[in-house]
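Q: Pasting start_33.txt here (compact mmCIF, N, CA and C atoms):
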```
# COMPACT_ATOMS: atom_id res chain seq x y z
N MET A 14 -26.82 -15.51 104.57
CA MET A 14 -27.54 -16.00 103.41
C MET A 14 -26.55 -16.35 102.32
N THR A 15 -26.70 -17.50 101.75
CA THR A 15 -25.81 -17.98 100.70
C THR A 15 -26.52 -17.89 99.37
N THR A 16 -25.76 -17.40 98.36
CA THR A 16 -26.32 -17.35 97.02
C THR A 16 -25.80 -18.54 96.23
N PRO A 17 -26.52 -18.95 95.22
CA PRO A 17 -26.07 -20.11 94.44
C PRO A 17 -24.79 -19.82 93.66
N PHE A 18 -24.43 -18.52 93.52
CA PHE A 18 -23.25 -18.17 92.73
C PHE A 18 -22.00 -17.97 93.60
N ALA A 19 -22.13 -18.04 94.88
CA ALA A 19 -20.98 -17.85 95.77
C ALA A 19 -20.08 -19.09 95.71
N ALA A 20 -18.81 -18.82 95.65
CA ALA A 20 -17.84 -19.93 95.62
C ALA A 20 -17.75 -20.55 97.00
N PRO A 21 -17.62 -21.84 97.06
CA PRO A 21 -17.49 -22.48 98.38
C PRO A 21 -16.17 -22.06 99.03
N ARG A 22 -16.19 -21.86 100.30
CA ARG A 22 -15.00 -21.44 101.04
C ARG A 22 -14.10 -22.67 101.27
N LYS A 23 -12.85 -22.53 100.84
CA LYS A 23 -11.90 -23.62 100.99
C LYS A 23 -10.87 -23.25 102.04
N SER A 24 -10.51 -24.19 102.82
CA SER A 24 -9.46 -23.92 103.80
C SER A 24 -8.11 -24.28 103.18
N ARG A 25 -7.11 -23.48 103.49
CA ARG A 25 -5.77 -23.73 102.98
C ARG A 25 -5.00 -24.57 103.98
N PRO A 26 -4.16 -25.43 103.49
CA PRO A 26 -3.32 -26.19 104.42
C PRO A 26 -2.28 -25.27 105.06
N ALA A 27 -1.88 -25.59 106.25
CA ALA A 27 -0.87 -24.79 106.94
C ALA A 27 0.46 -24.91 106.21
N LEU A 28 1.23 -23.83 106.22
CA LEU A 28 2.56 -23.86 105.61
C LEU A 28 3.50 -24.71 106.45
N SER A 29 4.41 -25.37 105.78
CA SER A 29 5.41 -26.17 106.49
C SER A 29 6.41 -25.23 107.16
N PRO A 30 7.12 -25.69 108.17
CA PRO A 30 8.15 -24.86 108.79
C PRO A 30 9.22 -24.40 107.79
N ALA A 31 9.54 -25.26 106.85
CA ALA A 31 10.54 -24.90 105.84
C ALA A 31 10.02 -23.77 104.96
N ALA A 32 8.75 -23.81 104.59
CA ALA A 32 8.16 -22.75 103.77
C ALA A 32 8.11 -21.44 104.53
N VAL A 33 7.79 -21.49 105.81
CA VAL A 33 7.76 -20.28 106.64
C VAL A 33 9.16 -19.68 106.73
N ALA A 34 10.17 -20.53 106.91
CA ALA A 34 11.55 -20.06 107.01
C ALA A 34 12.01 -19.42 105.69
N LEU A 35 11.65 -20.05 104.57
CA LEU A 35 12.02 -19.50 103.27
C LEU A 35 11.34 -18.16 103.02
N LEU A 36 10.09 -18.06 103.40
CA LEU A 36 9.37 -16.79 103.25
C LEU A 36 10.04 -15.69 104.07
N ALA A 37 10.45 -16.01 105.29
CA ALA A 37 11.14 -15.03 106.13
C ALA A 37 12.48 -14.63 105.51
N GLU A 38 13.19 -15.62 104.95
CA GLU A 38 14.47 -15.36 104.30
C GLU A 38 14.28 -14.44 103.08
N CYS A 39 13.24 -14.68 102.32
CA CYS A 39 12.96 -13.86 101.14
C CYS A 39 12.61 -12.42 101.54
N ARG A 40 11.84 -12.28 102.59
CA ARG A 40 11.51 -10.93 103.07
C ARG A 40 12.74 -10.19 103.54
N LYS A 41 13.61 -10.90 104.24
CA LYS A 41 14.85 -10.30 104.74
C LYS A 41 15.73 -9.87 103.56
N ALA A 42 15.77 -10.70 102.51
CA ALA A 42 16.56 -10.37 101.32
C ALA A 42 15.97 -9.15 100.61
N GLN A 43 14.66 -9.05 100.54
CA GLN A 43 14.03 -7.88 99.92
C GLN A 43 14.36 -6.61 100.68
N THR A 44 14.35 -6.69 102.01
CA THR A 44 14.70 -5.54 102.84
C THR A 44 16.17 -5.17 102.62
N ALA A 45 17.05 -6.16 102.58
CA ALA A 45 18.48 -5.90 102.35
C ALA A 45 18.71 -5.31 100.97
N ALA A 46 17.97 -5.78 99.96
CA ALA A 46 18.11 -5.24 98.61
C ALA A 46 17.68 -3.78 98.56
N TYR A 47 16.61 -3.46 99.25
CA TYR A 47 16.16 -2.06 99.30
C TYR A 47 17.23 -1.20 99.97
N THR A 48 17.76 -1.67 101.09
CA THR A 48 18.80 -0.94 101.80
C THR A 48 20.03 -0.74 100.92
N ALA A 49 20.43 -1.80 100.21
CA ALA A 49 21.59 -1.71 99.32
C ALA A 49 21.35 -0.71 98.19
N SER A 50 20.14 -0.69 97.65
CA SER A 50 19.86 0.25 96.56
C SER A 50 19.92 1.69 97.04
N VAL A 51 19.50 1.93 98.29
CA VAL A 51 19.57 3.29 98.86
C VAL A 51 21.02 3.65 99.17
N GLU A 52 21.75 2.73 99.79
CA GLU A 52 23.14 3.00 100.19
C GLU A 52 24.08 3.17 99.00
N THR A 53 23.77 2.54 97.89
CA THR A 53 24.68 2.58 96.75
C THR A 53 24.23 3.54 95.66
N ALA A 54 23.16 4.26 95.90
CA ALA A 54 22.69 5.22 94.90
C ALA A 54 23.80 6.24 94.64
N GLY A 55 24.07 6.48 93.39
CA GLY A 55 25.08 7.45 93.02
C GLY A 55 26.48 6.88 92.88
N MET A 56 26.65 5.60 93.22
CA MET A 56 27.97 5.01 93.03
C MET A 56 28.22 4.72 91.56
N PRO A 57 29.49 4.66 91.16
CA PRO A 57 29.78 4.41 89.74
C PRO A 57 29.40 3.00 89.31
N GLY A 58 29.03 2.85 88.07
CA GLY A 58 28.81 1.52 87.52
C GLY A 58 27.39 1.11 87.32
N GLU A 59 26.45 2.05 87.30
CA GLU A 59 25.04 1.75 87.00
C GLU A 59 24.53 0.53 87.78
N PRO A 60 24.42 0.64 89.09
CA PRO A 60 24.02 -0.54 89.88
C PRO A 60 22.58 -0.98 89.63
N SER A 61 22.39 -2.28 89.67
CA SER A 61 21.08 -2.89 89.59
C SER A 61 20.98 -3.86 90.76
N VAL A 62 20.05 -3.60 91.67
CA VAL A 62 19.92 -4.41 92.89
C VAL A 62 18.60 -5.15 92.86
N SER A 63 18.64 -6.45 93.16
CA SER A 63 17.42 -7.25 93.19
C SER A 63 17.54 -8.32 94.27
N ALA A 64 16.41 -8.92 94.59
CA ALA A 64 16.39 -10.02 95.56
C ALA A 64 15.53 -11.14 94.99
N ALA A 65 16.03 -12.36 95.14
CA ALA A 65 15.28 -13.54 94.70
C ALA A 65 15.80 -14.75 95.46
N GLY A 66 14.90 -15.60 95.87
CA GLY A 66 15.29 -16.83 96.53
C GLY A 66 16.07 -16.62 97.81
N GLY A 67 15.82 -15.53 98.51
CA GLY A 67 16.52 -15.27 99.76
C GLY A 67 17.93 -14.74 99.57
N GLU A 68 18.25 -14.27 98.38
CA GLU A 68 19.59 -13.77 98.08
C GLU A 68 19.50 -12.40 97.41
N VAL A 69 20.43 -11.52 97.76
CA VAL A 69 20.51 -10.20 97.13
C VAL A 69 21.53 -10.28 96.01
N GLN A 70 21.20 -9.71 94.87
CA GLN A 70 22.14 -9.65 93.75
C GLN A 70 22.35 -8.19 93.37
N ILE A 71 23.61 -7.81 93.30
CA ILE A 71 23.97 -6.44 92.93
C ILE A 71 24.84 -6.54 91.69
N VAL A 72 24.34 -6.02 90.59
CA VAL A 72 25.06 -6.07 89.32
C VAL A 72 25.55 -4.66 89.01
N VAL A 73 26.87 -4.54 88.76
CA VAL A 73 27.45 -3.25 88.46
C VAL A 73 28.30 -3.33 87.20
N HIS A 74 28.55 -2.18 86.60
CA HIS A 74 29.36 -2.06 85.39
C HIS A 74 30.48 -1.06 85.67
N PRO A 75 31.48 -1.44 86.47
CA PRO A 75 32.53 -0.48 86.82
C PRO A 75 33.35 -0.07 85.60
N ARG A 76 33.78 1.18 85.61
CA ARG A 76 34.59 1.70 84.50
C ARG A 76 36.08 1.51 84.75
N SER A 77 36.45 1.23 86.01
CA SER A 77 37.86 1.07 86.36
C SER A 77 37.97 0.10 87.54
N LEU A 78 39.20 -0.35 87.80
CA LEU A 78 39.43 -1.19 88.95
C LEU A 78 39.18 -0.43 90.24
N ALA A 79 39.40 0.88 90.22
CA ALA A 79 39.11 1.70 91.40
C ALA A 79 37.62 1.68 91.71
N ASP A 80 36.78 1.73 90.68
CA ASP A 80 35.33 1.62 90.88
C ASP A 80 34.98 0.27 91.50
N TRP A 81 35.58 -0.80 90.97
CA TRP A 81 35.31 -2.15 91.46
C TRP A 81 35.73 -2.27 92.93
N LYS A 82 36.89 -1.73 93.27
CA LYS A 82 37.37 -1.77 94.65
C LYS A 82 36.44 -0.97 95.56
N GLN A 83 35.91 0.14 95.04
CA GLN A 83 34.97 0.94 95.84
C GLN A 83 33.71 0.13 96.14
N TRP A 84 33.23 -0.61 95.16
CA TRP A 84 32.06 -1.46 95.38
C TRP A 84 32.34 -2.52 96.43
N MET A 85 33.48 -3.16 96.32
CA MET A 85 33.83 -4.21 97.27
C MET A 85 33.96 -3.64 98.69
N HIS A 86 34.56 -2.47 98.80
CA HIS A 86 34.72 -1.84 100.10
C HIS A 86 33.38 -1.41 100.68
N THR A 87 32.54 -0.78 99.88
CA THR A 87 31.24 -0.30 100.34
C THR A 87 30.36 -1.44 100.83
N LEU A 88 30.41 -2.57 100.16
CA LEU A 88 29.59 -3.72 100.54
C LEU A 88 30.26 -4.60 101.58
N GLY A 89 31.47 -4.24 101.99
CA GLY A 89 32.16 -5.00 103.03
C GLY A 89 32.65 -6.35 102.57
N VAL A 90 32.95 -6.47 101.29
CA VAL A 90 33.39 -7.75 100.74
C VAL A 90 34.82 -8.05 101.17
N GLY A 91 35.65 -7.04 101.28
CA GLY A 91 37.02 -7.24 101.74
C GLY A 91 37.86 -8.03 100.77
N ASP A 92 38.50 -9.08 101.26
CA ASP A 92 39.43 -9.86 100.44
C ASP A 92 38.79 -11.10 99.83
N ALA A 93 37.49 -11.11 99.68
CA ALA A 93 36.81 -12.28 99.10
C ALA A 93 37.28 -12.50 97.67
N ARG A 94 37.43 -13.75 97.32
CA ARG A 94 37.82 -14.10 95.95
C ARG A 94 36.58 -14.17 95.08
N GLY A 95 36.74 -13.74 93.86
CA GLY A 95 35.64 -13.81 92.92
C GLY A 95 35.84 -14.91 91.91
N ASP A 96 34.76 -15.28 91.27
CA ASP A 96 34.80 -16.25 90.19
C ASP A 96 34.55 -15.51 88.89
N SER A 97 35.41 -15.74 87.91
CA SER A 97 35.29 -15.07 86.63
C SER A 97 34.57 -15.96 85.63
N THR A 98 33.64 -15.36 84.91
CA THR A 98 32.98 -16.07 83.81
C THR A 98 33.61 -15.68 82.49
N GLY A 99 34.61 -14.82 82.55
CA GLY A 99 35.23 -14.29 81.33
C GLY A 99 34.64 -12.93 80.98
N VAL A 100 33.38 -12.74 81.27
CA VAL A 100 32.70 -11.47 81.00
C VAL A 100 32.45 -10.70 82.29
N ALA A 101 32.24 -11.42 83.37
CA ALA A 101 31.92 -10.79 84.65
C ALA A 101 32.65 -11.49 85.79
N MET A 102 32.80 -10.75 86.88
CA MET A 102 33.38 -11.29 88.11
C MET A 102 32.25 -11.37 89.12
N THR A 103 32.08 -12.54 89.73
CA THR A 103 31.04 -12.73 90.74
C THR A 103 31.70 -13.00 92.08
N VAL A 104 31.34 -12.17 93.07
CA VAL A 104 31.87 -12.33 94.42
C VAL A 104 30.69 -12.64 95.33
N ARG A 105 30.77 -13.76 96.03
CA ARG A 105 29.73 -14.14 96.98
C ARG A 105 30.10 -13.58 98.35
N CYS A 106 29.11 -13.01 99.01
CA CYS A 106 29.35 -12.39 100.31
C CYS A 106 28.05 -12.39 101.10
N THR A 107 28.06 -11.69 102.21
CA THR A 107 26.86 -11.51 103.02
C THR A 107 26.61 -10.01 103.12
N TYR A 108 25.38 -9.62 102.92
CA TYR A 108 25.01 -8.21 103.03
C TYR A 108 23.70 -8.13 103.82
N GLY A 109 23.70 -7.35 104.87
CA GLY A 109 22.49 -7.21 105.68
C GLY A 109 22.03 -8.51 106.30
N GLY A 110 22.97 -9.41 106.54
CA GLY A 110 22.63 -10.68 107.16
C GLY A 110 22.07 -11.73 106.21
N VAL A 111 22.10 -11.45 104.90
CA VAL A 111 21.61 -12.44 103.93
C VAL A 111 22.71 -12.72 102.89
N ARG A 112 22.56 -13.83 102.21
CA ARG A 112 23.50 -14.16 101.13
C ARG A 112 23.40 -13.08 100.06
N ALA A 113 24.55 -12.76 99.48
CA ALA A 113 24.56 -11.74 98.43
C ALA A 113 25.58 -12.12 97.37
N ARG A 114 25.35 -11.57 96.19
CA ARG A 114 26.25 -11.75 95.06
C ARG A 114 26.53 -10.38 94.47
N LEU A 115 27.80 -10.03 94.38
CA LEU A 115 28.21 -8.81 93.69
C LEU A 115 28.74 -9.24 92.33
N VAL A 116 28.11 -8.78 91.27
CA VAL A 116 28.50 -9.15 89.91
C VAL A 116 29.05 -7.91 89.22
N GLY A 117 30.32 -7.97 88.88
CA GLY A 117 30.97 -6.85 88.18
C GLY A 117 31.13 -7.19 86.72
N VAL A 118 30.27 -6.63 85.90
CA VAL A 118 30.32 -6.88 84.46
C VAL A 118 31.52 -6.12 83.88
N GLY A 119 32.38 -6.82 83.18
CA GLY A 119 33.56 -6.22 82.57
C GLY A 119 34.79 -6.20 83.45
N VAL A 120 34.69 -6.67 84.68
CA VAL A 120 35.83 -6.65 85.60
C VAL A 120 37.00 -7.52 85.11
N PRO A 121 36.76 -8.73 84.59
CA PRO A 121 37.91 -9.51 84.09
C PRO A 121 38.70 -8.75 83.02
N ALA A 122 38.03 -8.02 82.16
CA ALA A 122 38.72 -7.23 81.14
C ALA A 122 39.54 -6.11 81.78
N LEU A 123 39.02 -5.50 82.85
CA LEU A 123 39.77 -4.46 83.54
C LEU A 123 41.04 -5.03 84.16
N TYR A 124 40.95 -6.22 84.78
CA TYR A 124 42.14 -6.87 85.33
C TYR A 124 43.12 -7.22 84.21
N GLY A 125 42.61 -7.73 83.10
CA GLY A 125 43.48 -8.08 81.97
C GLY A 125 44.21 -6.87 81.43
N ALA A 126 43.52 -5.74 81.31
CA ALA A 126 44.14 -4.51 80.82
C ALA A 126 45.22 -4.04 81.79
N ALA A 127 44.96 -4.16 83.08
CA ALA A 127 45.96 -3.75 84.07
C ALA A 127 47.20 -4.63 83.99
N LEU A 128 47.01 -5.92 83.77
CA LEU A 128 48.16 -6.82 83.64
C LEU A 128 48.97 -6.51 82.38
N ARG A 129 48.28 -6.23 81.28
CA ARG A 129 48.97 -5.94 80.02
C ARG A 129 49.78 -4.66 80.10
N THR A 130 49.29 -3.68 80.85
CA THR A 130 50.00 -2.40 80.93
C THR A 130 51.02 -2.38 82.06
N GLY A 131 51.09 -3.47 82.83
CA GLY A 131 52.11 -3.57 83.87
C GLY A 131 51.73 -2.94 85.19
N HIS A 132 50.45 -2.64 85.40
CA HIS A 132 50.01 -2.05 86.67
C HIS A 132 49.65 -3.17 87.64
N ARG A 133 50.63 -3.90 88.07
CA ARG A 133 50.39 -5.04 88.95
C ARG A 133 49.79 -4.62 90.29
N ALA A 134 50.16 -3.45 90.78
CA ALA A 134 49.62 -2.99 92.06
C ALA A 134 48.11 -2.77 91.97
N ALA A 135 47.63 -2.40 90.79
CA ALA A 135 46.20 -2.15 90.60
C ALA A 135 45.42 -3.45 90.50
N VAL A 136 46.10 -4.55 90.26
CA VAL A 136 45.41 -5.82 90.06
C VAL A 136 45.03 -6.47 91.39
N ARG A 137 45.79 -6.22 92.44
CA ARG A 137 45.45 -6.83 93.73
C ARG A 137 44.12 -6.30 94.23
N PRO A 138 43.15 -7.21 94.56
CA PRO A 138 41.85 -6.75 95.06
C PRO A 138 41.94 -6.13 96.43
```
Would you encode the structure as structure tokens?
A:
Amino acid sequence: MTTPFAAPRKSRPALSPAAVALLAECRKAQTAAYTASVETAGMPGEPSVSAAGGEVQIVVHPRSLADWKQWMHTLGVGDARGDSTGVAMTVRCTYGGVRARLVGVGVPALYGAALRTGHRAAVRP
């Protein structure tokens, strides 16, 4: 029985293959972000982990270059080069099979301080 106040049932168009792939990528990134937040709990630098657009972003505030190196090692970044914005260092990598970005807020200043004090060995990533 239909009432006069019932909304008509509309059919939705099928999702495109590209939309289905993007949705799967976003879900995979959300799972990887959750895993990263669990694995990095308690690490130095007040981590903030999020996922958007199929990519995991991990933002940290390391207090020393040793903290930054620990983050890079834990996430398996290895010898990846980062891009400096002057305020933060961004390293692109893969985590959990998805694209990831490790953002170290204050890292360029830590490298600058190490160079000024002559600790060249500490500057090598």
Q: At a cut-off of 7 Å, using only C-alpha atoms, what residues contact stretch 75-79 of chain A? Leave out same-chain residues fewer than 6 positions from it and give the result as a VMD selection string.
A: chain A and resid 57 to 58 117 123
Q: Select, counting only C-alpha atoms, all protein, DNA and RNA residues no farther than 10 Å from (24.0, -12.3, 94.5) in file coordinates, and express the selection as a PDB file with N, CA and C atoms, keeping the file's coordinate frame.
A:
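Final output, out.pdb:
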```
ATOM      1  N   VAL A  62      20.050  -3.600  91.670  1.00  0.00           N
ATOM      2  CA  VAL A  62      19.920  -4.410  92.890  1.00  0.00           C
ATOM      3  C   VAL A  62      18.600  -5.150  92.860  1.00  0.00           C
ATOM      4  N   SER A  63      18.640  -6.450  93.160  1.00  0.00           N
ATOM      5  CA  SER A  63      17.420  -7.250  93.190  1.00  0.00           C
ATOM      6  C   SER A  63      17.540  -8.320  94.270  1.00  0.00           C
ATOM      7  N   ALA A  64      16.410  -8.920  94.590  1.00  0.00           N
ATOM      8  CA  ALA A  64      16.390 -10.020  95.560  1.00  0.00           C
ATOM      9  C   ALA A  64      15.530 -11.140  94.990  1.00  0.00           C
ATOM     10  N   ALA A  65      16.030 -12.360  95.140  1.00  0.00           N
ATOM     11  CA  ALA A  65      15.280 -13.540  94.700  1.00  0.00           C
ATOM     12  C   ALA A  65      15.800 -14.750  95.460  1.00  0.00           C
ATOM     13  N   GLY A  67      15.820 -15.530  98.510  1.00  0.00           N
ATOM     14  CA  GLY A  67      16.520 -15.270  99.760  1.00  0.00           C
ATOM     15  C   GLY A  67      17.930 -14.740  99.570  1.00  0.00           C
ATOM     16  N   GLU A  68      18.250 -14.270  98.380  1.00  0.00           N
ATOM     17  CA  GLU A  68      19.590 -13.770  98.080  1.00  0.00           C
ATOM     18  C   GLU A  68      19.500 -12.400  97.410  1.00  0.00           C
ATOM     19  N   VAL A  69      20.430 -11.520  97.760  1.00  0.00           N
ATOM     20  CA  VAL A  69      20.510 -10.200  97.130  1.00  0.00           C
ATOM     21  C   VAL A  69      21.530 -10.280  96.010  1.00  0.00           C
ATOM     22  N   GLN A  70      21.200  -9.710  94.870  1.00  0.00           N
ATOM     23  CA  GLN A  70      22.140  -9.650  93.750  1.00  0.00           C
ATOM     24  C   GLN A  70      22.350  -8.190  93.370  1.00  0.00           C
ATOM     25  N   ILE A  71      23.610  -7.810  93.300  1.00  0.00           N
ATOM     26  CA  ILE A  71      23.970  -6.440  92.930  1.00  0.00           C
ATOM     27  C   ILE A  71      24.840  -6.540  91.690  1.00  0.00           C
ATOM     28  N   VAL A  72      24.340  -6.020  90.590  1.00  0.00           N
ATOM     29  CA  VAL A  72      25.060  -6.070  89.320  1.00  0.00           C
ATOM     30  C   VAL A  72      25.550  -4.660  89.010  1.00  0.00           C
ATOM     31  N   THR A 103      32.080 -12.540  89.730  1.00  0.00           N
ATOM     32  CA  THR A 103      31.040 -12.730  90.740  1.00  0.00           C
ATOM     33  C   THR A 103      31.700 -13.000  92.080  1.00  0.00           C
ATOM     34  N   VAL A 104      31.340 -12.170  93.070  1.00  0.00           N
ATOM     35  CA  VAL A 104      31.870 -12.330  94.420  1.00  0.00           C
ATOM     36  C   VAL A 104      30.690 -12.640  95.330  1.00  0.00           C
ATOM     37  N   ARG A 105      30.770 -13.760  96.030  1.00  0.00           N
ATOM     38  CA  ARG A 105      29.730 -14.140  96.980  1.00  0.00           C
ATOM     39  C   ARG A 105      30.100 -13.580  98.350  1.00  0.00           C
ATOM     40  N   CYS A 106      29.110 -13.010  99.010  1.00  0.00           N
ATOM     41  CA  CYS A 106      29.350 -12.390 100.310  1.00  0.00           C
ATOM     42  C   CYS A 106      28.050 -12.390 101.100  1.00  0.00           C
ATOM     43  N   THR A 107      28.060 -11.690 102.210  1.00  0.00           N
ATOM     44  CA  THR A 107      26.860 -11.510 103.020  1.00  0.00           C
ATOM     45  C   THR A 107      26.610 -10.010 103.120  1.00  0.00           C
ATOM     46  N   TYR A 108      25.380  -9.620 102.920  1.00  0.00           N
ATOM     47  CA  TYR A 108      25.010  -8.210 103.030  1.00  0.00           C
ATOM     48  C   TYR A 108      23.700  -8.130 103.820  1.00  0.00           C
ATOM     49  N   VAL A 111      22.100 -11.450 104.900  1.00  0.00           N
ATOM     50  CA  VAL A 111      21.610 -12.440 103.930  1.00  0.00           C
ATOM     51  C   VAL A 111      22.710 -12.720 102.890  1.00  0.00           C
ATOM     52  N   ARG A 112      22.560 -13.830 102.210  1.00  0.00           N
ATOM     53  CA  ARG A 112      23.500 -14.160 101.130  1.00  0.00           C
ATOM     54  C   ARG A 112      23.400 -13.080 100.060  1.00  0.00           C
ATOM     55  N   ALA A 113      24.550 -12.760  99.480  1.00  0.00           N
ATOM     56  CA  ALA A 113      24.560 -11.740  98.430  1.00  0.00           C
ATOM     57  C   ALA A 113      25.580 -12.120  97.370  1.00  0.00           C
ATOM     58  N   ARG A 114      25.350 -11.570  96.190  1.00  0.00           N
ATOM     59  CA  ARG A 114      26.250 -11.750  95.060  1.00  0.00           C
ATOM     60  C   ARG A 114      26.530 -10.380  94.470  1.00  0.00           C
ATOM     61  N   LEU A 115      27.800 -10.030  94.380  1.00  0.00           N
ATOM     62  CA  LEU A 115      28.210  -8.810  93.690  1.00  0.00           C
ATOM     63  C   LEU A 115      28.740  -9.240  92.330  1.00  0.00           C
ATOM     64  N   VAL A 116      28.110  -8.780  91.270  1.00  0.00           N
ATOM     65  CA  VAL A 116      28.500  -9.150  89.910  1.00  0.00           C
ATOM     66  C   VAL A 116      29.050  -7.910  89.220  1.00  0.00           C
TER      67      VAL A 116
END
```
Q: Have a look at A:Ala49, A:Val73, A:Ala126, A:Val120 and name the one nearest to A:Gly89; count only C-alpha atoms.
A: A:Ala49
Q: List every residue of stretch 25-104 of chain A that DSSP, applied to the backbone of this structure, assigns to strand (DSSP E or B), and report them as a list of chain:residue names.
A: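 Output for stretch 25-104 of chain A, strand (DSSP E or B) only: A:Ser61, A:Val62, A:Ser63, A:Ala64, A:Ala65, A:Glu68, A:Val69, A:Gln70, A:Ile71, A:Val72, A:Val73, A:Asp96, A:Ser97, A:Ala101, A:Met102, A:Thr103, A:Val104.
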Q: Report, in Å to a single decimal, how far apart atom C of A:Val118 and atom N of A:Ala101 are.
A: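 That distance, rounded to one decimal, is 5.4 Å.
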Q: Around stretch 114-132 of chain A, fit a box with edges along x, y and z, padding it by 4 Å on each side, then list its centre and edge lengths in Å to one decimal as AutoDock Vina command-line options.
A:
```
--center_x 38.7 --center_y -6.9 --center_z 88.1 --size_x 34.8 --size_y 17.7 --size_z 24.2
```
Q: Suppose you want the space between atom C of A:Gly95 and atom C of A:Ala37; what is it in Å?
A: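 That distance, rounded to one decimal, is 27.0 Å.
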Q: If DSSP is run on the backbone, what residues of stretch 15-135 of chain A are helix (DSSP H, G or I)? A reply as a PyMOL selection string would be ideal.
A: chain A and resi 30-52+78-87+120-130+133-135
Q: I need the residue nearest A:Met56 from this list: A:Ser24, A:Thr98, A:Gln83, A:Thr130. Use only C-alpha atoms for the distance.
A: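 Between A:Ser24, A:Thr98, A:Gln83, A:Thr130, the residue approaching A:Met56 most closely is A:Gln83.
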Q: What separation in Å, quoted to one decimal, exists between atom CA of A:Glu59 and atom CA of A:His74?
A: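 Separation between atom CA of A:Glu59 and atom CA of A:His74: 6.0 Å.
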Q: Counting only C-alpha atoms, which residues have an atom no more than 8 Å from (26.8, -1.6, 97.6) in the file's coordinates? Please list them as a list in words.
A: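 Checking each residue against the 8 Å limit leaves Ala49, Ser50, Glu52, Thr53, Ile71, Trp84, Met85, Thr87 and Leu88 of chain A.
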